[in-house]
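Colleague: I'm passing along run05.cif; it holds mmCIF, C-alpha atoms.
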```cif
data_work
loop_
_atom_site.label_atom_id
_atom_site.label_comp_id
_atom_site.auth_asym_id
_atom_site.auth_seq_id
_atom_site.Cartn_x
_atom_site.Cartn_y
_atom_site.Cartn_z
CA MET P 1 51.86 2.84 -16.76
CA THR P 2 49.05 3.26 -19.30
CA ILE P 3 45.58 3.69 -17.83
CA ASP P 4 42.80 4.81 -20.15
CA TYR P 5 39.42 5.99 -18.86
CA LEU P 6 36.93 5.01 -21.58
CA LYS P 7 34.15 6.41 -19.39
CA SER P 8 34.38 8.70 -16.37
CA GLY P 9 31.84 9.68 -13.74
CA LYS P 10 30.92 12.98 -12.11
CA PRO P 11 34.01 15.09 -11.28
CA GLU P 12 35.29 15.03 -7.70
CA ALA P 13 34.51 18.72 -7.24
CA ALA P 14 30.84 18.12 -8.04
CA ARG P 15 30.73 15.14 -5.68
CA ALA P 16 32.28 17.27 -2.92
CA GLU P 17 29.60 19.92 -3.43
CA ASP P 18 26.91 17.28 -3.04
CA ASP P 19 28.59 16.06 0.15
CA ALA P 20 28.63 19.56 1.63
CA LYS P 21 24.88 19.94 1.12
CA VAL P 22 24.26 16.60 2.80
CA ARG P 23 26.46 17.54 5.78
CA ALA P 24 24.59 20.78 6.43
CA SER P 25 21.19 19.12 6.16
CA VAL P 26 22.14 16.30 8.52
CA GLU P 27 23.65 18.64 11.11
CA ALA P 28 20.48 20.73 11.29
CA THR P 29 18.25 17.67 11.46
CA LEU P 30 20.20 16.00 14.28
CA ALA P 31 20.11 19.24 16.27
CA ASP P 32 16.34 19.35 15.85
CA ILE P 33 15.97 15.73 17.04
CA GLU P 34 18.15 16.40 20.07
CA ALA P 35 16.14 19.51 20.96
CA ARG P 36 12.60 18.26 20.32
CA GLY P 37 12.80 14.49 20.55
CA ASP P 38 9.67 12.62 19.50
CA ALA P 39 8.03 15.74 18.05
CA ALA P 40 10.94 16.23 15.64
CA VAL P 41 10.94 12.56 14.67
CA ARG P 42 7.21 12.67 13.94
CA ALA P 43 7.51 15.86 11.88
CA LEU P 44 10.36 14.40 9.83
CA SER P 45 8.48 11.16 9.24
CA GLU P 46 5.44 13.08 8.03
CA LYS P 47 7.60 15.27 5.78
CA PHE P 48 9.74 12.59 4.15
CA ASP P 49 7.66 9.42 4.41
CA SER P 50 4.09 10.74 4.76
CA TYR P 51 3.83 8.37 7.71
CA ALA P 52 2.48 9.31 11.16
CA PRO P 53 1.18 6.31 13.13
CA ALA P 54 -0.03 6.49 16.71
CA SER P 55 3.23 4.76 17.69
CA PHE P 56 6.33 4.20 15.58
CA ARG P 57 7.11 1.10 17.62
CA LEU P 58 5.32 -2.01 16.44
CA SER P 59 3.44 -4.02 19.05
CA PRO P 60 3.84 -7.82 19.25
CA GLN P 61 0.38 -8.20 17.67
CA GLU P 62 1.26 -5.87 14.80
CA ILE P 63 4.44 -7.85 14.19
CA ASP P 64 2.52 -11.15 14.15
CA ASP P 65 -0.07 -9.71 11.77
CA LEU P 66 2.59 -8.50 9.35
CA ILE P 67 4.44 -11.82 9.37
CA ALA P 68 1.14 -13.60 8.68
CA GLN P 69 0.94 -11.74 5.35
CA LEU P 70 3.95 -13.67 4.02
CA SER P 71 3.63 -16.91 2.11
CA PRO P 72 5.20 -20.11 3.51
CA GLN P 73 7.86 -19.96 0.79
CA GLU P 74 8.76 -16.35 1.62
CA LEU P 75 9.16 -17.22 5.29
CA LYS P 76 11.20 -20.30 4.42
CA ASP P 77 13.52 -18.22 2.22
CA ILE P 78 14.04 -15.61 4.94
CA LYS P 79 14.83 -18.30 7.50
CA PHE P 80 17.25 -20.01 5.09
CA ALA P 81 19.14 -16.79 4.44
CA GLN P 82 19.32 -15.98 8.15
CA GLU P 83 20.69 -19.42 8.93
CA GLN P 84 23.51 -18.92 6.41
CA VAL P 85 24.37 -15.57 8.02
CA ARG P 86 24.18 -17.04 11.52
CA ASN P 87 26.34 -20.04 10.57
CA PHE P 88 29.17 -17.84 9.30
CA ALA P 89 28.79 -15.41 12.22
CA ARG P 90 28.98 -18.30 14.70
CA ALA P 91 32.17 -19.56 13.05
CA GLN P 92 33.64 -16.06 13.26
CA ARG P 93 32.61 -15.75 16.92
CA ASP P 94 34.22 -19.09 17.71
CA SER P 95 37.49 -17.76 16.30
CA MET P 96 37.53 -14.95 18.88
CA LEU P 97 38.88 -16.43 22.06
CA ASP P 98 39.17 -15.00 25.54
CA ILE P 99 42.78 -15.41 26.62
CA GLU P 100 44.74 -15.49 29.88
CA VAL P 101 48.50 -15.93 29.99
CA GLU P 102 51.22 -15.81 32.66
CA THR P 103 53.84 -13.53 31.09
CA LEU P 104 56.17 -13.63 34.10
CA PRO P 105 55.94 -15.73 37.27
CA GLY P 106 53.02 -14.25 39.18
CA VAL P 107 51.92 -11.83 36.41
CA ILE P 108 48.62 -12.75 34.75
CA LEU P 109 47.35 -10.85 31.67
CA GLY P 110 44.21 -11.52 29.73
CA HIS P 111 41.35 -10.20 27.67
CA LYS P 112 37.63 -10.82 27.47
CA ASN P 113 35.33 -10.28 24.51
CA ILE P 114 32.23 -8.54 25.87
CA PRO P 115 29.15 -7.71 23.76
CA VAL P 116 28.14 -4.11 23.24
CA GLN P 117 25.19 -3.71 25.58
CA SER P 118 22.71 -2.04 23.18
CA VAL P 119 22.68 -1.71 19.41
CA GLY P 120 20.46 0.16 16.97
CA CYS P 121 20.19 -1.54 13.57
CA TYR P 122 19.17 0.58 10.61
CA VAL P 123 17.57 -1.37 7.76
CA PRO P 124 17.05 0.68 4.56
CA GLY P 125 13.76 0.24 2.80
CA GLY P 126 12.24 3.40 1.40
CA LYS P 127 13.03 2.61 -2.25
CA PHE P 128 13.56 -1.14 -1.98
CA PRO P 129 12.66 -3.21 1.11
CA MET P 130 16.12 -4.38 2.20
CA VAL P 131 15.13 -7.64 3.85
CA ALA P 132 18.69 -8.94 3.85
CA SER P 133 20.02 -5.98 5.81
CA ALA P 134 18.06 -7.20 8.82
CA HIS P 135 19.93 -10.51 8.72
CA MET P 136 23.27 -8.76 8.48
CA SER P 137 22.78 -6.47 11.47
CA VAL P 138 20.08 -7.92 13.73
CA ALA P 139 20.89 -11.63 13.39
CA THR P 140 24.63 -11.00 13.65
CA ALA P 141 24.18 -8.90 16.80
CA SER P 142 22.08 -11.73 18.18
CA VAL P 143 24.90 -14.22 17.57
CA ALA P 144 27.19 -11.82 19.46
CA LYS P 145 24.67 -11.94 22.36
CA VAL P 146 23.97 -8.20 22.46
CA PRO P 147 21.43 -7.81 25.32
CA ARG P 148 19.28 -5.11 23.67
CA ILE P 149 18.80 -4.93 19.91
CA ILE P 150 16.48 -2.33 18.39
CA ALA P 151 15.78 -2.00 14.69
CA CYS P 152 14.41 0.77 12.49
CA THR P 153 13.23 0.66 8.90
CA PRO P 154 11.27 3.24 6.89
CA PRO P 155 7.73 2.56 5.69
CA PHE P 156 7.50 1.03 2.24
CA LYS P 157 4.72 2.53 0.13
CA GLY P 158 3.19 4.05 3.24
CA LYS P 159 3.22 1.08 5.60
CA PRO P 160 5.54 -1.42 7.27
CA ASN P 161 6.98 -3.99 4.89
CA PRO P 162 6.02 -7.48 6.13
CA ALA P 163 9.19 -9.20 4.89
CA VAL P 164 11.52 -6.67 6.51
CA ILE P 165 9.59 -6.81 9.79
CA ALA P 166 9.67 -10.62 9.71
CA ALA P 167 13.44 -10.60 9.16
CA MET P 168 13.95 -8.17 12.04
CA HIS P 169 11.76 -10.21 14.39
CA LEU P 170 13.21 -13.59 13.41
CA GLY P 171 16.71 -12.09 13.60
CA GLY P 172 16.20 -11.26 17.27
CA ALA P 173 15.18 -7.60 17.49
CA ASP P 174 13.80 -6.64 20.91
CA GLU P 175 12.16 -3.41 19.65
CA ILE P 176 11.06 -2.63 16.10
CA TYR P 177 10.31 0.91 14.90
CA VAL P 178 8.96 1.98 11.53
CA MET P 179 10.94 5.12 10.78
CA GLY P 180 13.67 5.95 8.31
CA GLY P 181 16.53 8.19 7.37
CA ILE P 182 18.20 10.71 9.66
CA GLN P 183 15.29 10.64 12.09
CA ALA P 184 15.74 6.90 12.71
CA VAL P 185 19.49 7.09 13.20
CA GLY P 186 19.19 10.23 15.32
CA ALA P 187 16.44 8.81 17.52
CA MET P 188 18.35 5.60 18.20
CA ALA P 189 21.61 7.39 18.95
CA LEU P 190 20.35 10.42 20.85
CA GLY P 191 17.21 8.97 22.40
CA THR P 192 13.78 10.55 22.68
CA GLU P 193 11.00 10.53 25.25
CA THR P 194 9.92 7.09 24.03
CA ILE P 195 13.20 5.55 22.76
CA ASP P 196 16.13 4.85 25.06
CA PRO P 197 19.43 5.64 23.31
CA VAL P 198 21.75 2.83 22.27
CA HIS P 199 25.51 2.45 22.56
CA MET P 200 26.13 1.66 18.89
CA ILE P 201 24.50 2.22 15.47
CA VAL P 202 24.99 -0.21 12.60
CA GLY P 203 23.64 -0.75 9.12
CA PRO P 204 23.91 0.65 5.60
CA GLY P 205 21.94 3.52 4.12
CA ASN P 206 21.90 6.41 1.72
CA ALA P 207 24.21 9.43 1.87
CA PHE P 208 22.11 11.07 4.60
CA VAL P 209 22.16 7.98 6.82
CA ALA P 210 25.92 7.57 6.34
CA GLU P 211 26.52 11.23 7.19
CA ALA P 212 24.30 11.02 10.26
CA LYS P 213 26.36 8.09 11.52
CA ARG P 214 29.57 10.04 10.83
CA GLN P 215 28.37 13.04 12.81
CA LEU P 216 27.14 10.89 15.71
CA PHE P 217 30.33 8.82 15.93
CA GLY P 218 31.90 9.44 19.32
CA ARG P 219 28.60 9.92 21.09
CA VAL P 220 27.84 6.38 20.00
CA GLY P 221 29.88 3.73 18.28
CA ILE P 222 29.25 2.87 14.65
CA ASP P 223 30.11 -0.15 12.58
CA LEU P 224 31.67 1.73 9.64
CA PHE P 225 30.88 4.33 7.03
CA ALA P 226 28.52 2.38 4.79
CA GLY P 227 27.01 4.80 2.31
CA PRO P 228 25.65 4.29 -1.21
CA THR P 229 26.53 0.96 -2.80
CA GLU P 230 29.74 0.69 -4.82
CA THR P 231 30.77 -2.10 -7.17
CA MET P 232 33.84 -2.86 -9.23
CA VAL P 233 34.17 -5.61 -11.82
CA ILE P 234 37.73 -6.74 -12.50
CA ALA P 235 37.63 -8.77 -15.69
CA ASP P 236 39.74 -10.01 -18.56
CA ASP P 237 38.78 -11.75 -21.78
CA THR P 238 37.88 -14.98 -19.96
CA VAL P 239 34.37 -13.55 -19.50
CA ASP P 240 31.94 -11.76 -21.78
CA ALA P 241 30.27 -8.37 -21.87
CA GLU P 242 26.87 -9.65 -20.77
CA MET P 243 28.35 -10.93 -17.50
CA CYS P 244 30.18 -7.66 -16.84
CA ALA P 245 27.28 -5.39 -17.75
CA THR P 246 24.83 -7.41 -15.67
CA ASP P 247 27.06 -7.29 -12.60
CA LEU P 248 27.60 -3.53 -12.96
CA LEU P 249 23.94 -2.61 -13.45
CA GLY P 250 22.82 -5.09 -10.80
CA GLN P 251 24.39 -2.78 -8.21
CA ALA P 252 23.82 0.54 -10.01
CA GLU P 253 20.08 0.07 -9.51
CA HIS P 254 20.51 0.66 -5.75
CA GLY P 255 20.37 4.44 -6.09
CA TYR P 256 21.19 7.49 -8.14
CA ASN P 257 24.72 7.74 -6.76
CA SER P 258 26.02 4.16 -6.73
CA PRO P 259 29.49 3.98 -8.33
CA ALA P 260 30.00 1.09 -10.75
CA VAL P 261 33.45 0.55 -12.26
CA LEU P 262 34.71 -1.87 -14.90
CA LEU P 263 38.45 -2.47 -14.62
CA THR P 264 39.90 -4.53 -17.46
CA ASN P 265 42.93 -5.15 -19.64
CA SER P 266 40.79 -5.99 -22.66
CA ARG P 267 39.74 -3.09 -24.90
CA ARG P 268 37.29 -5.34 -26.72
CA LEU P 269 35.61 -6.35 -23.44
CA ALA P 270 35.47 -2.71 -22.34
CA GLU P 271 33.82 -1.53 -25.55
CA ASP P 272 31.46 -4.50 -25.72
CA THR P 273 30.42 -3.92 -22.08
CA LEU P 274 29.59 -0.27 -22.79
CA ALA P 275 27.35 -1.41 -25.65
CA GLU P 276 25.80 -4.18 -23.56
CA ILE P 277 24.98 -1.73 -20.77
CA ASP P 278 23.13 0.46 -23.27
CA ARG P 279 21.17 -2.60 -24.42
CA ILE P 280 20.24 -3.77 -20.94
CA LEU P 281 19.15 -0.28 -19.87
CA GLN P 282 16.48 -0.44 -22.57
CA ILE P 283 14.82 -3.42 -20.88
CA LEU P 284 15.78 -3.23 -17.18
CA PRO P 285 12.71 -2.44 -15.04
CA THR P 286 14.88 -0.39 -12.66
CA ALA P 287 16.58 1.47 -15.49
CA GLU P 288 15.31 4.85 -14.31
CA THR P 289 17.63 4.59 -11.31
CA ALA P 290 20.43 2.52 -12.85
CA ARG P 291 20.77 4.82 -15.87
CA VAL P 292 21.33 7.93 -13.75
CA SER P 293 23.78 6.09 -11.50
CA TRP P 294 25.72 4.73 -14.49
CA GLN P 295 25.74 8.10 -16.24
CA ASP P 296 27.01 10.04 -13.20
CA TYR P 297 29.07 7.44 -11.35
CA GLY P 298 29.93 4.72 -13.89
CA GLU P 299 33.50 4.27 -15.06
CA VAL P 300 35.35 2.01 -17.49
CA ILE P 301 39.10 1.84 -16.87
CA LEU P 302 41.43 0.11 -19.32
CA CYS P 303 44.86 -1.05 -18.11
CA ASP P 304 47.77 -2.75 -19.86
CA THR P 305 48.68 -5.28 -17.19
CA TYR P 306 47.28 -7.19 -14.24
CA ASP P 307 49.68 -5.34 -11.94
CA GLU P 308 48.18 -2.04 -13.11
CA MET P 309 44.69 -3.41 -12.52
CA LEU P 310 45.70 -4.40 -8.99
CA LYS P 311 47.10 -0.94 -8.25
CA VAL P 312 43.98 0.84 -9.53
CA ALA P 313 41.69 -1.56 -7.64
CA ASP P 314 43.47 -0.93 -4.34
CA ASP P 315 43.37 2.82 -4.96
CA VAL P 316 39.62 2.80 -5.65
CA ALA P 317 39.00 0.48 -2.67
CA SER P 318 35.50 -0.38 -3.83
CA GLU P 319 32.88 -1.87 -1.55
CA HIS P 320 32.12 -4.90 -3.74
CA VAL P 321 34.81 -6.30 -6.04
CA GLN P 322 33.74 -8.96 -8.55
CA VAL P 323 36.85 -10.69 -9.93
CA MET P 324 36.49 -12.69 -13.13
CA THR P 325 39.93 -13.37 -14.58
CA ASP P 326 42.34 -16.18 -15.31
CA ARG P 327 44.00 -15.47 -11.92
CA ASP P 328 41.25 -14.81 -9.37
CA ASP P 329 43.26 -16.26 -6.48
CA TRP P 330 46.16 -13.95 -7.37
CA PHE P 331 43.87 -10.99 -6.72
CA LEU P 332 42.73 -12.60 -3.44
CA GLU P 333 46.37 -13.01 -2.44
CA ASN P 334 47.46 -9.50 -3.39
CA MET P 335 44.53 -7.10 -2.99
CA THR P 336 44.60 -5.13 0.27
CA CYS P 337 41.87 -2.46 0.06
CA TYR P 338 38.24 -3.45 -0.56
CA GLY P 339 34.99 -4.30 1.17
CA ALA P 340 34.47 -7.88 0.01
CA LEU P 341 35.71 -10.00 -2.88
CA PHE P 342 33.51 -12.15 -5.10
CA LEU P 343 35.77 -14.57 -6.92
CA GLY P 344 34.96 -16.17 -10.26
CA PRO P 345 32.00 -15.97 -12.65
CA ARG P 346 29.94 -18.45 -10.61
CA THR P 347 30.01 -16.01 -7.70
CA ASN P 348 28.16 -12.71 -7.70
CA VAL P 349 27.53 -9.72 -5.48
CA ALA P 350 23.79 -10.35 -5.25
CA ASN P 351 24.42 -13.69 -3.53
CA GLY P 352 26.62 -11.91 -1.01
CA ASP P 353 23.98 -9.23 -0.56
CA LYS P 354 21.12 -11.62 0.09
CA VAL P 355 21.89 -15.17 1.06
CA ILE P 356 25.36 -16.73 0.90
CA GLY P 357 26.25 -15.91 4.51
CA THR P 358 28.95 -13.24 4.47
CA ASN P 359 27.89 -9.84 5.75
CA HIS P 360 26.81 -7.28 3.16
CA THR P 361 27.34 -4.16 5.29
CA LEU P 362 30.69 -3.12 3.86
CA PRO P 363 33.01 -0.08 3.79
CA THR P 364 32.45 2.52 1.07
CA ARG P 365 34.19 5.71 -0.07
CA LYS P 366 37.67 4.22 0.33
CA ALA P 367 37.07 3.15 3.94
CA GLY P 368 38.24 -0.32 2.88
CA ARG P 369 41.76 1.09 3.26
CA TYR P 370 41.42 0.93 7.05
CA THR P 371 38.47 -1.29 7.96
CA GLY P 372 36.66 -4.40 6.90
CA GLY P 373 32.89 -4.83 6.91
CA LEU P 374 30.36 -5.53 9.61
CA TRP P 375 30.84 -8.88 11.32
CA VAL P 376 30.13 -10.47 14.64
CA GLY P 377 33.37 -9.02 16.04
CA LYS P 378 32.07 -5.46 15.57
CA PHE P 379 29.51 -6.15 18.27
CA LEU P 380 32.18 -7.31 20.71
CA LYS P 381 34.56 -5.17 22.75
CA THR P 382 37.90 -6.72 23.65
CA HIS P 383 38.77 -5.63 27.19
CA SER P 384 42.09 -6.44 28.84
CA TYR P 385 42.77 -7.17 32.50
CA GLN P 386 45.84 -7.65 34.67
CA LYS P 387 46.47 -9.56 37.89
CA VAL P 388 49.65 -9.85 40.00
CA THR P 389 49.54 -12.88 42.30
CA THR P 390 52.90 -12.95 44.15
CA ASP P 391 54.86 -10.53 46.30
CA ALA P 392 57.98 -11.05 44.20
CA ALA P 393 56.17 -10.16 40.98
CA ALA P 394 54.61 -7.06 42.55
CA ALA P 395 58.03 -5.84 43.65
CA GLU P 396 59.78 -6.64 40.36
CA ILE P 397 57.17 -5.05 38.09
CA GLY P 398 56.87 -2.16 40.57
CA ALA P 399 60.60 -1.41 40.39
CA TYR P 400 60.60 -1.30 36.59
CA GLY P 401 57.37 0.70 36.54
CA SER P 402 58.66 3.25 39.03
CA ARG P 403 61.83 3.98 37.08
CA LEU P 404 59.93 4.25 33.78
CA CYS P 405 57.42 6.66 35.38
CA MET P 406 60.27 8.85 36.64
CA LEU P 407 61.82 8.77 33.16
CA GLU P 408 58.69 10.58 31.99
CA GLY P 409 58.42 12.84 35.04
CA PHE P 410 55.27 11.27 36.48
CA VAL P 411 56.05 11.27 40.20
CA GLY P 412 52.54 10.28 41.30
CA HIS P 413 52.59 7.36 38.89
CA ALA P 414 55.97 6.28 40.26
CA GLU P 415 54.63 6.32 43.80
CA GLN P 416 51.89 3.85 42.85
CA CYS P 417 54.68 1.48 41.90
CA ASN P 418 56.90 2.39 44.87
CA LEU P 419 54.13 1.62 47.33
CA ARG P 420 54.00 -1.94 46.01
CA VAL P 421 57.80 -2.24 46.21
CA ARG P 422 57.68 -1.16 49.88
CA ARG P 423 54.70 -3.35 50.79
CA TYR P 424 55.63 -6.51 48.92
CA GLY P 425 59.38 -6.25 48.37
CA GLY P 426 60.50 -4.97 51.74
CA GLN P 427 62.42 -2.06 50.20
CA ASN P 428 62.32 1.46 51.63
CA VAL P 429 61.71 3.65 48.56
CA PRO P 430 61.31 7.38 49.37
CA TYR P 431 58.25 9.16 47.91
CA GLY P 432 59.01 10.36 44.38
CA ALA P 433 62.17 8.29 43.96
CA GLY P 434 62.57 5.61 41.31
CA ALA P 435 62.78 2.16 42.84
CA GLU P 436 66.19 0.52 42.67
CA PRO P 437 66.57 -2.76 40.80
CA LEU P 438 65.76 -5.78 42.90
CA GLU P 439 69.20 -7.20 42.23
CA ALA P 440 70.82 -4.17 43.88
CA ALA P 441 68.55 -4.42 46.91
CA GLU P 442 69.48 -8.04 47.36
#
```
Any chance you could give the structure as structure tokens?
Modeller:
Amino acid sequence: MTIDYLKSGKPEAARAEDDAKVRASVEATLADIEARGDAAVRALSEKFDSYAPASFRLSPQEIDDLIAQLSPQELKDIKFAQEQVRNFARAQRDSMLDIEVETLPGVILGHKNIPVQSVGCYVPGGKFPMVASAHMSVATASVAKVPRIIACTPPFKGKPNPAVIAAMHLGGADEIYVMGGIQAVGAMALGTETIDPVHMIVGPGNAFVAEAKRQLFGRVGIDLFAGPTETMVIADDTVDAEMCATDLLGQAEHGYNSPAVLLTNSRRLAEDTLAEIDRILQILPTAETARVSWQDYGEVILCDTYDEMLKVADDVASEHVQVMTDRDDWFLENMTCYGALFLGPRTNVANGDKVIGTNHTLPTRKAGRYTGGLWVGKFLKTHSYQKVTTDAAAAEIGAYGSRLCMLEGFVGHAEQCNLRVRRYGGQNVPYGAGAEPLEAAE
């Protein structure tokens, strides 16, 4: 196998050092929120966002006033995007069926899909107002029929962003708070004097938000580890450098630590893309961010074969994977580790991020090896139930259960089964003894 790194990013050791600093900061901040509640949240908001309103929760009138600042076209666009997200989420929900089956005569097994009862949706917005993230979390939770949906977003340039607030409200949020970062995630998960805690936290965010969710997991549920944006472009010589460079930098502008990787079997495309990236960075309005991200986290990987490209892609397990080759469906058929695929040059990650209807909250940092992204099913808990309806079934299952419990040494467990054998099967099973087979009793 010949794999050539024409450009590499920051070494793993340096990335691990950054992670350690984030972990320590988040741990201390969450402890402060748990100890001091609203006072800690207010102090953190003042420190990081220079924002200290009388109440972080927006009133219905404040929400209406903010939405009124949007133009008719802006509102129409938000509603269009939300309808695409809802349509796909509804189709996904319809695929999740409650079931009930009779596995043996008189033995009924089933499961029900029950919504999580309260969800906190984090919508990033300190650097860029992430309007679309409200569709992905709030509107999708609404389709799942979550009874209580609260949403938090940081102030944008010192005040609530009207478009984000509109998306939260139209998406179905019951409570909207203007607060960001660790303090928002901590307040929703741990609760404060004025915010009741939720059962689950969802939504993307920066490294601090992702780490806060990681540390809180267990006390509350989370959707997945969705940290800084990642993108990979898998391309061959069927596309050009402008397309590749544009798709890489389009995601690198998210933040200073957004990995962007070109994976190709064409040396010419690789070299041309490097040059094209340099050109675009001279004119891109968000180049200040994208340049740092590309410098520290950008990679160009040259492979000999498509099979090598597939192996590297699955190893990297990138959040967004843009595939532009002469065999896009082959990658769809064979790739196993990723957040979401964007197939063909007519498709692009930005459409997935903003409007096309699939959810843009996706696994990062190799989490695509074991989980997919946020979807309506993440807001549903699948709970099983059992029901035995005949005496014969109670005795038969009880006899098997008793013997299997005794095989493991669980005498008390066995007696639960034995009691049913005695009551419903008419057999005299001594306490602590494994029930005999029904055939022998007969």
Colleague: For Val131 (chain P), which residue out of P:Ala89, P:Leu30, P:Cys405, P:Leu75 is the nearest one, using all atoms listed in the file?
Modeller: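 Closest to Val131 (chain P) of all the choices is P:Leu75.
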Colleague: Kindly give the distance, in Å, that separates CA of Arg93 (chain P) and CA of Ala163 (chain P), rounded to a single decimal.
Modeller: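 CA of Ala163 (chain P) lies at a distance of 27.1 Å from CA of Arg93 (chain P).
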Colleague: Leaving out Pro162 (chain P) and any residue of its chain fewer than 5 positions from it, which residues lie within 9 Å of it when counting only C-alpha atoms, given as a PyMOL selection string?
Modeller: chain P and resi 63+65-70+167
Colleague: What does the PyMOL selection byres ((chain P and resi 164) around 12) select in this file, as a VMD selection string?
Modeller: chain P and resid 63 66 to 67 69 to 70 74 to 75 78 122 to 126 128 to 135 138 151 to 156 159 to 163 165 to 171 173 176 to 178
Colleague: Next, write the just-selected residues to a file, as an mmCIF file, keeping the file's coordinate frame, keeping C-alpha atoms as the atom set.
Modeller:
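Result file is selection_35.cif:
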```cif
data_model
loop_
_atom_site.group_PDB
_atom_site.id
_atom_site.type_symbol
_atom_site.label_atom_id
_atom_site.label_comp_id
_atom_site.auth_asym_id
_atom_site.auth_seq_id
_atom_site.Cartn_x
_atom_site.Cartn_y
_atom_site.Cartn_z
ATOM 1 C CA ILE P 63 4.440 -7.850 14.190
ATOM 2 C CA LEU P 66 2.590 -8.500 9.350
ATOM 3 C CA ILE P 67 4.440 -11.820 9.370
ATOM 4 C CA GLN P 69 0.940 -11.740 5.350
ATOM 5 C CA LEU P 70 3.950 -13.670 4.020
ATOM 6 C CA GLU P 74 8.760 -16.350 1.620
ATOM 7 C CA LEU P 75 9.160 -17.220 5.290
ATOM 8 C CA ILE P 78 14.040 -15.610 4.940
ATOM 9 C CA TYR P 122 19.170 0.580 10.610
ATOM 10 C CA VAL P 123 17.570 -1.370 7.760
ATOM 11 C CA PRO P 124 17.050 0.680 4.560
ATOM 12 C CA GLY P 125 13.760 0.240 2.800
ATOM 13 C CA GLY P 126 12.240 3.400 1.400
ATOM 14 C CA PHE P 128 13.560 -1.140 -1.980
ATOM 15 C CA PRO P 129 12.660 -3.210 1.110
ATOM 16 C CA MET P 130 16.120 -4.380 2.200
ATOM 17 C CA VAL P 131 15.130 -7.640 3.850
ATOM 18 C CA ALA P 132 18.690 -8.940 3.850
ATOM 19 C CA SER P 133 20.020 -5.980 5.810
ATOM 20 C CA ALA P 134 18.060 -7.200 8.820
ATOM 21 C CA HIS P 135 19.930 -10.510 8.720
ATOM 22 C CA VAL P 138 20.080 -7.920 13.730
ATOM 23 C CA ALA P 151 15.780 -2.000 14.690
ATOM 24 C CA CYS P 152 14.410 0.770 12.490
ATOM 25 C CA THR P 153 13.230 0.660 8.900
ATOM 26 C CA PRO P 154 11.270 3.240 6.890
ATOM 27 C CA PRO P 155 7.730 2.560 5.690
ATOM 28 C CA PHE P 156 7.500 1.030 2.240
ATOM 29 C CA LYS P 159 3.220 1.080 5.600
ATOM 30 C CA PRO P 160 5.540 -1.420 7.270
ATOM 31 C CA ASN P 161 6.980 -3.990 4.890
ATOM 32 C CA PRO P 162 6.020 -7.480 6.130
ATOM 33 C CA ALA P 163 9.190 -9.200 4.890
ATOM 34 C CA ILE P 165 9.590 -6.810 9.790
ATOM 35 C CA ALA P 166 9.670 -10.620 9.710
ATOM 36 C CA ALA P 167 13.440 -10.600 9.160
ATOM 37 C CA MET P 168 13.950 -8.170 12.040
ATOM 38 C CA HIS P 169 11.760 -10.210 14.390
ATOM 39 C CA LEU P 170 13.210 -13.590 13.410
ATOM 40 C CA GLY P 171 16.710 -12.090 13.600
ATOM 41 C CA ALA P 173 15.180 -7.600 17.490
ATOM 42 C CA ILE P 176 11.060 -2.630 16.100
ATOM 43 C CA TYR P 177 10.310 0.910 14.900
ATOM 44 C CA VAL P 178 8.960 1.980 11.530
#
```
Colleague: What's around Tyr306 (chain P) at 9 Å? Count only C-alpha atoms, leave out sequence neighbours fewer than 3 positions away in its own chain, and write the answer as a PyMOL selection string.
Modeller: chain P and resi 264-265+303+309-311
Colleague: Identify which of the residues P:Ala313, P:Thr361, P:Ser55, P:Lys157 lies closest to Gly205 (chain P), counting only C-alpha atoms when measuring atom-to-atom distances.
Modeller: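 The answer is P:Thr361, which sits nearest to Gly205 (chain P).
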Colleague: Please evaluate the PyMOL selection byres ((chain P and resi 218-225) around 9) against the displayed coordinates and give the resulting residues as a PyMOL selection string.
Modeller: chain P and resi 189-190+198-204+210-211+213-217+226-227+361-365+367+371-375+378-379
Colleague: Can you pull out the residues contacting region 273-282 of chain P? Cut-off 6 Å, using all atoms listed in the file, and skip same-chain residues under 3 positions away; I want them as a PyMOL selection string.
Modeller: chain P and resi 241+245+269-270+287
Colleague: On this structure, the PyMOL selection byres ((chain P and resi 232-235) around 8) would catch which residues? List them as a list in words, sorted by chain and number.
Modeller: Glu230, Thr231, Asp236, Asp237, Thr238, Val239, Cys244, Asp247, Leu248, Ala260, Val261, Leu262, Leu263, Thr264, Asn265, Met309, Ser318, Glu319, His320, Val321, Gln322, Val323, Met324 and Thr325 of chain P
Colleague: Measuring atom to atom with all atoms listed in the file, identify which of P:Asp314, P:Asp64, P:Asp18, P:Glu299 is nearest to Leu249 (chain P).
Modeller: P:Glu299
Colleague: Applying 9 Å and only C-alpha atoms, which residues near Thr192 (chain P) remain after dropping the ones on its own chain fewer than 4 positions away? List them as a ChimeraX atom specification.
Modeller: /P:33-34,36-38,41,187-188,196-197
Colleague: With all atoms listed in the file as the basis for distance, which of P:Lys47, P:Arg420, P:Arg403, P:Lys387 is at the shortest distance from Pro105 (chain P)?
Modeller: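 Result for the nearest residue to Pro105 (chain P): P:Lys387.
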Colleague: Given all atoms listed in the file as the basis, pick out the residue of P:Arg267, P:Asp19, P:Val312, P:Gln251 nearest to Asn351 (chain P).
Modeller: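 Residue with the minimum atom-to-atom distance to Asn351 (chain P): P:Gln251.
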Colleague: Which residues come within 6 Å of Ser293 (chain P), counting all atoms listed in the file, excluding same-chain residues fewer than 6 positions away, as a PDB file with C-alpha atoms, in the frame of the given file?
Modeller:
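Output saved as around.pdb:
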```
ATOM      1  CA  ALA P 252      23.820   0.540 -10.010  1.00  0.00           C
ATOM      2  CA  TYR P 256      21.190   7.490  -8.140  1.00  0.00           C
ATOM      3  CA  ASN P 257      24.720   7.740  -6.760  1.00  0.00           C
ATOM      4  CA  SER P 258      26.020   4.160  -6.730  1.00  0.00           C
TER       5      SER P 258
END
```
